[in-house]
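*Asks:* Here it is: the structure, laid out below.
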Amino acid sequence: MIAALLAIAGQTARLQLRSGGGALVGLVFFLAVVVIIPFGVGPDLNLLSRIGPAILWIAALLATLLGLDRLFQDDRVDGSLDLLHLSGHPLELIVLAKAAGHWLATGLPLVVAAPFLGLLLAIEPLALGAVTLTLLAGTPALTLVGTVGAALTTALGRGGLLIAVLVLPFAIPVLIFGVSAAASVIVGPAPFLPPFLILVALSLISAVVAAVAGAAALRAGLD
Amino acid sequence: MPIRDLANPTRFLAFSGRLLPWLWAASAVGLAVGLYLGLYVAPADFKQGDMVRIMFIHVPFAWLSMACYGVMAIAALGTLVWRHPLADVLQKSAAPIGAAFTFLALVTGSLWGKPTWGTYWVWDARLTSVLILFIIYLGLIALWQAVEDPGKAARAAAILTLVGTVNLPIIKFSVDWWNTLHQPASVFRLDGPTIDPSMLWPLLIMALAMTILFAALLVMAMRNEILRRRVRAMQIVAAGG
């Protein structure tokens, strides 16, 4: 069963990477959002280095939401979702495998790109490491929460904007603790570890919730 | 009549039809008494003056915005566990009412905040978590409208509703967990209410009247939804035949 789940994760990641308008566009979108903000708030480097972690986090959140509508959509259209359902493996684990594959293709590139984009925002090296670490710990939670939204809207055929509306309220706690952990290195006297550990906890909790709720949503959508 | 007989939509329509006038009358009397006590009889606050009277509508709105979500979560269990059509109807009808109460709680709260805190809005934990509740309500309404098949929409909305219940304890305890500008709980406390009886009684009467009003609105919306589904079924039959 492990092999099957790994195969599902690998296939999801490969499909995202190779399909036009997939994972790479998400990365470009991440870059575009980060670049556009200095035009909005002005090129003051002091200001940018202070709000830089928040910019990276918001951009990562938006980029994560982008590719979600295709996570289960394509599988449903070509019938493989039914086959996965009939395969005998627990749907909960299949949902987790799909989410893992999706994160490898869309979340991990954002984490890798974050230090380089951080340089554009004049973030200090230590803070840059902190932001990257929080993104590494937090983007799985974003993807997992988004997986529930993707599963809920699978039956619709046109999830795009609706997923964003459904998912954003649940992404707020992740954003709060991700940004506060990163900001504690830059400005705050507050320690880095407590918000960071809560962020890790949020990722783990959302793995459980996403597996159960995502599988339930897929079952509800199947005829 | 046992409660399970109400599961039949026709019996529900008949029973709720008889119940509704009483609900409307009770809420009208309750609101009239509560508003009179709150606006004329209850004393003005030592610090806030007459401004405190907004509490008598703000607090019931805020309570009901959460209670409505609780009712929806129970109905969501009814949808997922028992596949009950009336639970589907309740879920769908409650969402816009809950959104309206949450919106009114936010608006009255921010009107109260301007003279007392000096600002319409602060990003403290209580206000933010209630705003998130409002967005969740709107998301649920959008989901209901996006899915065409009512059965599938009910199951999808039920899952989202249950995931969203994590927000309820966050709202309730946000004033204890974080240092908020919003005041901590003063009515439902382990050591009894800290609010003076002269203000507590009008508040409780208002809360009861608002709850009855909520029930009346909910029953009304459920009746409409049942009738709407019947019309839809008849249209399908007519188009097919």
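Letters A, B, ... go to the chains of the structure tokens in the order shown; residues in each chain start at 1; ligands are counted from 1 in the same order.
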Can you write out as a tab-separated table which residues of chain A fall within 7 Å of chain B, alongside each residue's closest atom pair and its distance in Å to one decimal, counting only C-alpha atoms and ordering rows by chain and ascending residue number?
*Replies:*
```
residue	atom	partner	partner_atom	distance
A:Leu152	CA	B:Ala156	CA	5.7
A:Leu156	CA	B:Val147	CA	6.2
A:Val165	CA	B:Gly139	CA	5.8
A:Leu166	CA	B:Gly139	CA	5.2
A:Pro169	CA	B:Ile132	CA	5.7
A:Ala213	CA	B:Ile159	CA	6.3
A:Ala217	CA	B:Ala156	CA	5.9
A:Ala220	CA	B:Arg155	CA	6.0
A:Gly221	CA	B:Lys152	CA	6.3
```
*Asks:* Find the residues near Gly67 in chain A: any atom within 12 Å, counting only C-alpha atoms, skip ones fewer than 5 places away on the same chain, and give them as a PDB file with N, CA and C atoms, in the first residue's frame.
*Replies:*
```pdb
ATOM      1  N   THR A  12       0.956  12.759  -8.913  1.00  0.00           N
ATOM      2  CA  THR A  12       0.364  14.093  -8.729  1.00  0.00           C
ATOM      3  C   THR A  12       1.410  15.176  -8.940  1.00  0.00           C
ATOM      4  N   ALA A  13       2.612  14.955  -8.344  1.00  0.00           N
ATOM      5  CA  ALA A  13       3.665  15.964  -8.478  1.00  0.00           C
ATOM      6  C   ALA A  13       4.095  16.101  -9.934  1.00  0.00           C
ATOM      7  N   LEU A  15       2.424  15.385 -12.667  1.00  0.00           N
ATOM      8  CA  LEU A  15       1.371  16.022 -13.475  1.00  0.00           C
ATOM      9  C   LEU A  15       1.385  17.526 -13.282  1.00  0.00           C
ATOM     10  N   GLN A  16       1.551  17.948 -12.016  1.00  0.00           N
ATOM     11  CA  GLN A  16       1.574  19.389 -11.747  1.00  0.00           C
ATOM     12  C   GLN A  16       2.746  20.063 -12.430  1.00  0.00           C
ATOM     13  N   LEU A  17       3.921  19.385 -12.379  1.00  0.00           N
ATOM     14  CA  LEU A  17       5.129  20.010 -12.930  1.00  0.00           C
ATOM     15  C   LEU A  17       5.089  20.056 -14.450  1.00  0.00           C
ATOM     16  N   SER A  19       2.320  19.687 -16.592  1.00  0.00           N
ATOM     17  CA  SER A  19       1.186  20.279 -17.301  1.00  0.00           C
ATOM     18  C   SER A  19       1.393  21.779 -17.450  1.00  0.00           C
ATOM     19  N   GLY A  20       1.007  22.286 -18.609  1.00  0.00           N
ATOM     20  CA  GLY A  20       1.105  23.727 -18.826  1.00  0.00           C
ATOM     21  C   GLY A  20       0.212  24.456 -17.847  1.00  0.00           C
ATOM     22  N   GLY A  21       0.672  25.592 -17.344  1.00  0.00           N
ATOM     23  CA  GLY A  21      -0.153  26.335 -16.389  1.00  0.00           C
ATOM     24  C   GLY A  21      -0.230  25.668 -15.040  1.00  0.00           C
ATOM     25  N   GLY A  22       0.748  24.798 -14.730  1.00  0.00           N
ATOM     26  CA  GLY A  22       0.715  24.084 -13.461  1.00  0.00           C
ATOM     27  C   GLY A  22       1.574  24.751 -12.410  1.00  0.00           C
ATOM     28  N   ALA A  23       2.494  23.945 -11.840  1.00  0.00           N
ATOM     29  CA  ALA A  23       3.258  24.391 -10.682  1.00  0.00           C
ATOM     30  C   ALA A  23       4.156  25.580 -10.997  1.00  0.00           C
ATOM     31  N   LEU A  24       4.743  25.596 -12.193  1.00  0.00           N
ATOM     32  CA  LEU A  24       5.704  26.657 -12.489  1.00  0.00           C
ATOM     33  C   LEU A  24       5.026  28.016 -12.573  1.00  0.00           C
ATOM     34  N   VAL A  25       3.801  28.019 -13.076  1.00  0.00           N
ATOM     35  CA  VAL A  25       3.074  29.289 -13.111  1.00  0.00           C
ATOM     36  C   VAL A  25       2.838  29.797 -11.694  1.00  0.00           C
ATOM     37  N   GLY A  26       2.611  28.866 -10.763  1.00  0.00           N
ATOM     38  CA  GLY A  26       2.445  29.258  -9.365  1.00  0.00           C
ATOM     39  C   GLY A  26       3.679  29.980  -8.848  1.00  0.00           C
ATOM     40  N   LEU A  27       4.847  29.464  -9.249  1.00  0.00           N
ATOM     41  CA  LEU A  27       6.107  30.087  -8.830  1.00  0.00           C
ATOM     42  C   LEU A  27       6.237  31.495  -9.420  1.00  0.00           C
ATOM     43  N   PHE A  29       3.801  33.372 -10.286  1.00  0.00           N
ATOM     44  CA  PHE A  29       2.805  34.191  -9.596  1.00  0.00           C
ATOM     45  C   PHE A  29       3.351  34.685  -8.256  1.00  0.00           C
ATOM     46  N   LEU A  61       0.691  32.209   0.350  1.00  0.00           N
ATOM     47  CA  LEU A  61      -0.697  31.784   0.560  1.00  0.00           C
ATOM     48  C   LEU A  61      -1.492  31.871  -0.744  1.00  0.00           C
ATOM     49  N   LEU A  62      -1.360  33.016  -1.435  1.00  0.00           N
ATOM     50  CA  LEU A  62      -2.108  33.198  -2.680  1.00  0.00           C
ATOM     51  C   LEU A  62      -1.639  32.204  -3.736  1.00  0.00           C
ATOM     52  N   PHE A  72      -8.212  17.478  -7.692  1.00  0.00           N
ATOM     53  CA  PHE A  72      -9.048  16.286  -7.885  1.00  0.00           C
ATOM     54  C   PHE A  72      -9.877  16.391  -9.166  1.00  0.00           C
ATOM     55  N   GLN A  73      -9.921  17.602  -9.723  1.00  0.00           N
ATOM     56  CA  GLN A  73     -10.772  17.851 -10.877  1.00  0.00           C
ATOM     57  C   GLN A  73     -10.430  16.948 -12.065  1.00  0.00           C
ATOM     58  N   ASP A  74      -9.135  16.939 -12.453  1.00  0.00           N
ATOM     59  CA  ASP A  74      -8.727  16.161 -13.621  1.00  0.00           C
ATOM     60  C   ASP A  74      -8.988  14.677 -13.387  1.00  0.00           C
ATOM     61  N   ALA A  99      -2.240  15.267  -1.551  1.00  0.00           N
ATOM     62  CA  ALA A  99      -1.815  16.551  -0.981  1.00  0.00           C
ATOM     63  C   ALA A  99      -0.293  16.628  -0.913  1.00  0.00           C
ATOM     64  N   HIS A 102       1.042  17.252  -4.312  1.00  0.00           N
ATOM     65  CA  HIS A 102       0.748  18.631  -4.700  1.00  0.00           C
ATOM     66  C   HIS A 102       1.709  19.600  -4.015  1.00  0.00           C
ATOM     67  N   TRP A 103       1.983  19.340  -2.724  1.00  0.00           N
ATOM     68  CA  TRP A 103       2.889  20.236  -1.995  1.00  0.00           C
ATOM     69  C   TRP A 103       4.300  20.163  -2.573  1.00  0.00           C
ATOM     70  N   ALA A 105       5.164  19.662  -5.553  1.00  0.00           N
ATOM     71  CA  ALA A 105       5.261  20.352  -6.838  1.00  0.00           C
ATOM     72  C   ALA A 105       5.002  21.850  -6.713  1.00  0.00           C
ATOM     73  N   THR A 106       4.139  22.253  -5.759  1.00  0.00           N
ATOM     74  CA  THR A 106       3.768  23.670  -5.704  1.00  0.00           C
ATOM     75  C   THR A 106       4.268  24.379  -4.442  1.00  0.00           C
ATOM     76  N   GLY A 107       4.318  23.671  -3.299  1.00  0.00           N
ATOM     77  CA  GLY A 107       4.711  24.321  -2.045  1.00  0.00           C
ATOM     78  C   GLY A 107       6.212  24.419  -1.888  1.00  0.00           C
ATOM     79  N   THR A 143      -1.452  23.915   2.046  1.00  0.00           N
ATOM     80  CA  THR A 143      -1.849  22.953   1.017  1.00  0.00           C
ATOM     81  C   THR A 143      -2.927  22.016   1.539  1.00  0.00           C
ATOM     82  N   GLY A 146      -6.184  23.684   1.862  1.00  0.00           N
ATOM     83  CA  GLY A 146      -6.690  23.854   0.504  1.00  0.00           C
ATOM     84  C   GLY A 146      -7.205  22.559  -0.089  1.00  0.00           C
ATOM     85  N   THR A 147      -6.611  21.428   0.333  1.00  0.00           N
ATOM     86  CA  THR A 147      -7.068  20.133  -0.178  1.00  0.00           C
ATOM     87  C   THR A 147      -8.539  19.904   0.166  1.00  0.00           C
ATOM     88  N   GLY A 149     -10.807  22.234   0.562  1.00  0.00           N
ATOM     89  CA  GLY A 149     -11.577  23.072  -0.358  1.00  0.00           C
ATOM     90  C   GLY A 149     -11.643  22.459  -1.737  1.00  0.00           C
ATOM     91  N   ALA A 150     -10.508  21.901  -2.202  1.00  0.00           N
ATOM     92  CA  ALA A 150     -10.487  21.280  -3.527  1.00  0.00           C
ATOM     93  C   ALA A 150     -11.424  20.085  -3.571  1.00  0.00           C
ATOM     94  N   GLY A 159     -14.217  25.280  -9.645  1.00  0.00           N
ATOM     95  CA  GLY A 159     -14.022  25.582  -8.229  1.00  0.00           C
ATOM     96  C   GLY A 159     -13.336  26.903  -7.970  1.00  0.00           C
ATOM     97  N   GLY A 160     -12.418  27.253  -8.872  1.00  0.00           N
ATOM     98  CA  GLY A 160     -11.445  28.334  -8.725  1.00  0.00           C
ATOM     99  C   GLY A 160     -11.657  29.328  -7.597  1.00  0.00           C
ATOM    100  N   LEU A 161     -12.533  30.278  -7.825  1.00  0.00           N
ATOM    101  CA  LEU A 161     -12.696  31.368  -6.870  1.00  0.00           C
ATOM    102  C   LEU A 161     -13.353  30.884  -5.585  1.00  0.00           C
ATOM    103  N   ILE A 163     -12.998  28.036  -4.090  1.00  0.00           N
ATOM    104  CA  ILE A 163     -12.005  27.425  -3.193  1.00  0.00           C
ATOM    105  C   ILE A 163     -11.344  28.503  -2.355  1.00  0.00           C
ATOM    106  N   ALA A 164     -10.944  29.604  -3.006  1.00  0.00           N
ATOM    107  CA  ALA A 164     -10.263  30.677  -2.284  1.00  0.00           C
ATOM    108  C   ALA A 164     -11.144  31.207  -1.155  1.00  0.00           C
TER     109      ALA A 164
END
```
*Asks:* Tell me, as a ChimeraX atom specification, which residues lie within 12 Å of Val208 in chain A, counting only C-alpha atoms; anything in the same chain fewer than 3 positions away does not count.
*Replies:* /A:92-93,95-96,99,141,144-145,147-148,201-205,211-215 /B:163
*Asks:* Give me the residues of range 80-169 of chain A that have any atom at most 6 Å from an atom of range 179-195 of chain A; for each, the nearest atom pair and the distance in Å, rounded to one decimal. Use only C-alpha atoms, sort by chain and number, and format it as JSON lines.
*Replies:*
```
{"residue": "A:Ala127", "atom": "CA", "partner": "A:Val185", "partner_atom": "CA", "distance": 5.7}
{"residue": "A:Ala130", "atom": "CA", "partner": "A:Ala182", "partner_atom": "CA", "distance": 5.4}
{"residue": "A:Val131", "atom": "CA", "partner": "A:Ala182", "partner_atom": "CA", "distance": 5.1}
```
*Asks:* Which of these residues is nearest to Phe177 in chain A, using only C-alpha atoms: A:Ser49, A:Thr134, A:Thr153, A:Thr64?
*Replies:*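 Answer, going by the shortest atom-to-atom distance: A:Thr134.
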*Asks:* Go through B:Met222, B:Phe188, B:Gly30, B:Thr161 one by one, measure the shortest atom-to-atom distance of each to Thr79 in chain B using only C-alpha atoms, and give the residue with the smallest value.
*Replies:* B:Thr161
*Asks:* Need the shell around Val112 in chain A: protein/DNA/RNA residues with any atom at most 12 Å away, counting only C-alpha atoms. Skip same-chain ones fewer than 2 positions apart. Format as a list in words?
*Replies:*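 Listed by chain and then number, they are Leu27, Phe30, Leu56, Ala60, Leu104, Ala105, Thr106, Gly107, Leu108, Pro109, Leu110, Ala114, Pro115, Phe116, Leu117, Gly118, Leu128, Gly129, Val131, Thr132, Leu133, Leu135, Leu136 and Thr139 of chain A.
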*Asks:* May I have the residues from that selection written out with N, CA and C atoms, as an mmCIF file, in the first residue's frame?
*Replies:*
```cif
data_model
loop_
_atom_site.group_PDB
_atom_site.id
_atom_site.type_symbol
_atom_site.label_atom_id
_atom_site.label_comp_id
_atom_site.auth_asym_id
_atom_site.auth_seq_id
_atom_site.Cartn_x
_atom_site.Cartn_y
_atom_site.Cartn_z
ATOM 1 N N LEU A 27 4.847 29.464 -9.249
ATOM 2 C CA LEU A 27 6.107 30.087 -8.830
ATOM 3 C C LEU A 27 6.237 31.495 -9.420
ATOM 4 N N PHE A 30 4.032 33.792 -7.539
ATOM 5 C CA PHE A 30 4.683 34.139 -6.266
ATOM 6 C C PHE A 30 5.649 35.303 -6.485
ATOM 7 N N LEU A 56 6.100 37.818 1.969
ATOM 8 C CA LEU A 56 6.401 36.479 1.473
ATOM 9 C C LEU A 56 5.300 35.501 1.849
ATOM 10 N N ALA A 60 2.890 33.550 -0.679
ATOM 11 C CA ALA A 60 2.884 32.089 -0.683
ATOM 12 C C ALA A 60 1.465 31.551 -0.517
ATOM 13 N N LEU A 104 4.751 18.923 -2.920
ATOM 14 C CA LEU A 104 6.096 18.781 -3.488
ATOM 15 C C LEU A 104 6.232 19.609 -4.762
ATOM 16 N N ALA A 105 5.164 19.662 -5.553
ATOM 17 C CA ALA A 105 5.261 20.352 -6.838
ATOM 18 C C ALA A 105 5.002 21.850 -6.713
ATOM 19 N N THR A 106 4.139 22.253 -5.759
ATOM 20 C CA THR A 106 3.768 23.670 -5.704
ATOM 21 C C THR A 106 4.268 24.379 -4.442
ATOM 22 N N GLY A 107 4.318 23.671 -3.299
ATOM 23 C CA GLY A 107 4.711 24.321 -2.045
ATOM 24 C C GLY A 107 6.212 24.419 -1.888
ATOM 25 N N LEU A 108 6.882 23.296 -2.158
ATOM 26 C CA LEU A 108 8.330 23.253 -1.957
ATOM 27 C C LEU A 108 9.075 24.266 -2.823
ATOM 28 N N PRO A 109 8.715 24.424 -4.121
ATOM 29 C CA PRO A 109 9.393 25.457 -4.915
ATOM 30 C C PRO A 109 9.272 26.857 -4.313
ATOM 31 N N LEU A 110 8.113 27.138 -3.685
ATOM 32 C CA LEU A 110 7.943 28.455 -3.048
ATOM 33 C C LEU A 110 8.931 28.615 -1.901
ATOM 34 N N ALA A 114 11.865 31.414 -1.723
ATOM 35 C CA ALA A 114 11.650 32.488 -0.753
ATOM 36 C C ALA A 114 12.930 33.238 -0.367
ATOM 37 N N PRO A 115 14.082 32.546 -0.097
ATOM 38 C CA PRO A 115 15.282 33.309 0.291
ATOM 39 C C PRO A 115 15.720 34.297 -0.783
ATOM 40 N N PHE A 116 15.596 33.878 -2.053
ATOM 41 C CA PHE A 116 16.042 34.764 -3.130
ATOM 42 C C PHE A 116 15.124 35.983 -3.241
ATOM 43 N N LEU A 117 13.803 35.741 -3.114
ATOM 44 C CA LEU A 117 12.876 36.868 -3.169
ATOM 45 C C LEU A 117 13.036 37.749 -1.934
ATOM 46 N N GLY A 118 13.437 37.129 -0.811
ATOM 47 C CA GLY A 118 13.663 37.902 0.402
ATOM 48 C C GLY A 118 14.757 38.938 0.220
ATOM 49 N N LEU A 128 15.921 35.952 7.125
ATOM 50 C CA LEU A 128 15.648 35.220 5.883
ATOM 51 C C LEU A 128 15.555 33.726 6.178
ATOM 52 N N GLY A 129 16.524 33.256 7.006
ATOM 53 C CA GLY A 129 16.472 31.848 7.400
ATOM 54 C C GLY A 129 15.199 31.532 8.165
ATOM 55 N N VAL A 131 12.263 33.094 8.014
ATOM 56 C CA VAL A 131 11.088 33.089 7.124
ATOM 57 C C VAL A 131 11.037 31.793 6.340
ATOM 58 N N THR A 132 12.206 31.377 5.798
ATOM 59 C CA THR A 132 12.217 30.158 4.999
ATOM 60 C C THR A 132 11.810 28.958 5.842
ATOM 61 N N LEU A 133 12.293 28.934 7.076
ATOM 62 C CA LEU A 133 11.951 27.824 7.968
ATOM 63 C C LEU A 133 10.447 27.811 8.269
ATOM 64 N N LEU A 135 8.114 29.039 6.407
ATOM 65 C CA LEU A 135 7.387 28.639 5.195
ATOM 66 C C LEU A 135 7.459 27.126 5.009
ATOM 67 N N LEU A 136 8.632 26.554 5.300
ATOM 68 C CA LEU A 136 8.785 25.103 5.172
ATOM 69 C C LEU A 136 7.818 24.385 6.110
ATOM 70 N N THR A 139 3.722 25.929 4.889
ATOM 71 C CA THR A 139 3.050 25.715 3.600
ATOM 72 C C THR A 139 2.346 24.362 3.521
#
```
*Asks:* Find the spatial neighbours of range 119-125 of chain B, counting only C-alpha atoms, within a cut-off of 12 Å - ignore same-chain residues fewer than 4 positions away - and output them as an mmCIF file with C-alpha atoms, in the first residue's frame.
*Replies:*
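The resulting out_16.cif:
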```cif
data_model
loop_
_atom_site.group_PDB
_atom_site.id
_atom_site.type_symbol
_atom_site.label_atom_id
_atom_site.label_comp_id
_atom_site.auth_asym_id
_atom_site.auth_seq_id
_atom_site.Cartn_x
_atom_site.Cartn_y
_atom_site.Cartn_z
ATOM 1 C CA ILE A 172 -5.628 32.789 8.798
ATOM 2 C CA PRO A 173 -4.237 30.982 11.898
ATOM 3 C CA ILE A 176 -0.767 34.586 12.024
ATOM 4 C CA LEU B 106 -20.148 43.415 14.018
ATOM 5 C CA VAL B 107 -21.937 46.635 13.064
ATOM 6 C CA THR B 108 -23.412 47.319 16.514
ATOM 7 C CA GLY B 109 -20.073 46.432 18.071
ATOM 8 C CA SER B 110 -18.169 48.841 15.888
ATOM 9 C CA LEU B 111 -20.732 51.613 16.515
ATOM 10 C CA TRP B 112 -20.243 50.974 20.221
ATOM 11 C CA GLY B 113 -16.472 50.901 19.809
ATOM 12 C CA LYS B 114 -16.181 54.345 18.227
ATOM 13 C CA PRO B 115 -17.274 56.391 21.279
ATOM 14 C CA SER B 129 -12.496 35.698 15.059
ATOM 15 C CA VAL B 130 -16.070 36.970 14.699
ATOM 16 C CA LEU B 131 -15.134 38.474 11.329
ATOM 17 C CA ILE B 132 -13.788 35.058 10.316
ATOM 18 C CA ASN B 167 -13.736 28.745 15.277
ATOM 19 C CA ILE B 170 -11.710 30.399 19.588
ATOM 20 C CA ILE B 171 -14.369 33.143 19.598
ATOM 21 C CA LYS B 172 -15.645 32.199 23.051
ATOM 22 C CA PHE B 173 -12.241 32.031 24.731
ATOM 23 C CA SER B 174 -10.405 34.632 22.664
ATOM 24 C CA VAL B 175 -10.981 37.202 25.416
ATOM 25 C CA ASP B 176 -9.354 34.883 27.967
ATOM 26 C CA TRP B 177 -6.465 33.578 25.860
ATOM 27 C CA TRP B 178 -5.297 36.894 24.467
ATOM 28 C CA ASN B 179 -5.161 40.420 25.830
ATOM 29 C CA THR B 180 -8.028 41.930 23.916
ATOM 30 C CA LEU B 181 -9.553 45.373 23.869
ATOM 31 C CA HIS B 182 -12.896 43.606 23.980
ATOM 32 C CA GLN B 183 -13.972 42.999 27.560
ATOM 33 C CA PRO B 184 -13.913 39.457 28.997
#
```
*Asks:* Pick from A:Val200, A:Ile36, A:Ala9, A:Ala3: nearest to Gly101 in chain A, with only C-alpha atoms counted?
*Replies:*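 Answer, going by the shortest atom-to-atom distance: A:Ala9.
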*Asks:* When you look at Pro150 in chain B with a cut-off of 10 Å (counting only C-alpha atoms), what residues show up, excluding the ones that are within fewer than 4 positions of it in the same chain? I need them as a VMD selection string.
*Replies:* chain B and resid 85 88 to 89 92 144 to 145 154 to 156 229
*Asks:* Go ahead and dump the residues you just picked, C-alpha atoms, as a compact mmCIF listing (two decimals), in the first residue's frame.
*Replies:*
```txt
# COMPACT_ATOMS: atom_id res chain seq x y z
CA PRO B 85 -33.62 15.80 4.42
CA ASP B 88 -30.32 19.63 4.94
CA VAL B 89 -33.13 22.19 4.86
CA LYS B 92 -29.37 25.80 4.21
CA TRP B 144 -24.87 26.23 -1.27
CA GLN B 145 -25.47 28.34 -4.33
CA ALA B 154 -25.95 19.58 1.80
CA ARG B 155 -23.15 17.05 2.32
CA ALA B 156 -20.46 19.44 1.08
CA ARG B 229 -37.98 22.08 -3.24
```
*Asks:* Of the residues B:Ile226, B:Leu208, B:Leu86, B:Ser198, which is the one nearest to Leu37 in chain B, using only C-alpha atoms?
*Replies:* B:Ser198
*Asks:* CA of Met1 in chain A and CA of His89 in chain A, how far apart in Å?
*Replies:*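 It comes out at 7.2 Å.
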*Asks:* Which polymer residues have any atom within 7 Å of an atom of Met206 in chain B, counting only C-alpha atoms, with same-chain residues fewer than 3 positions away left out, as a VMD selection string?
*Replies:* chain B and resid 30 to 31 34 56 60 202 to 203 209 to 210
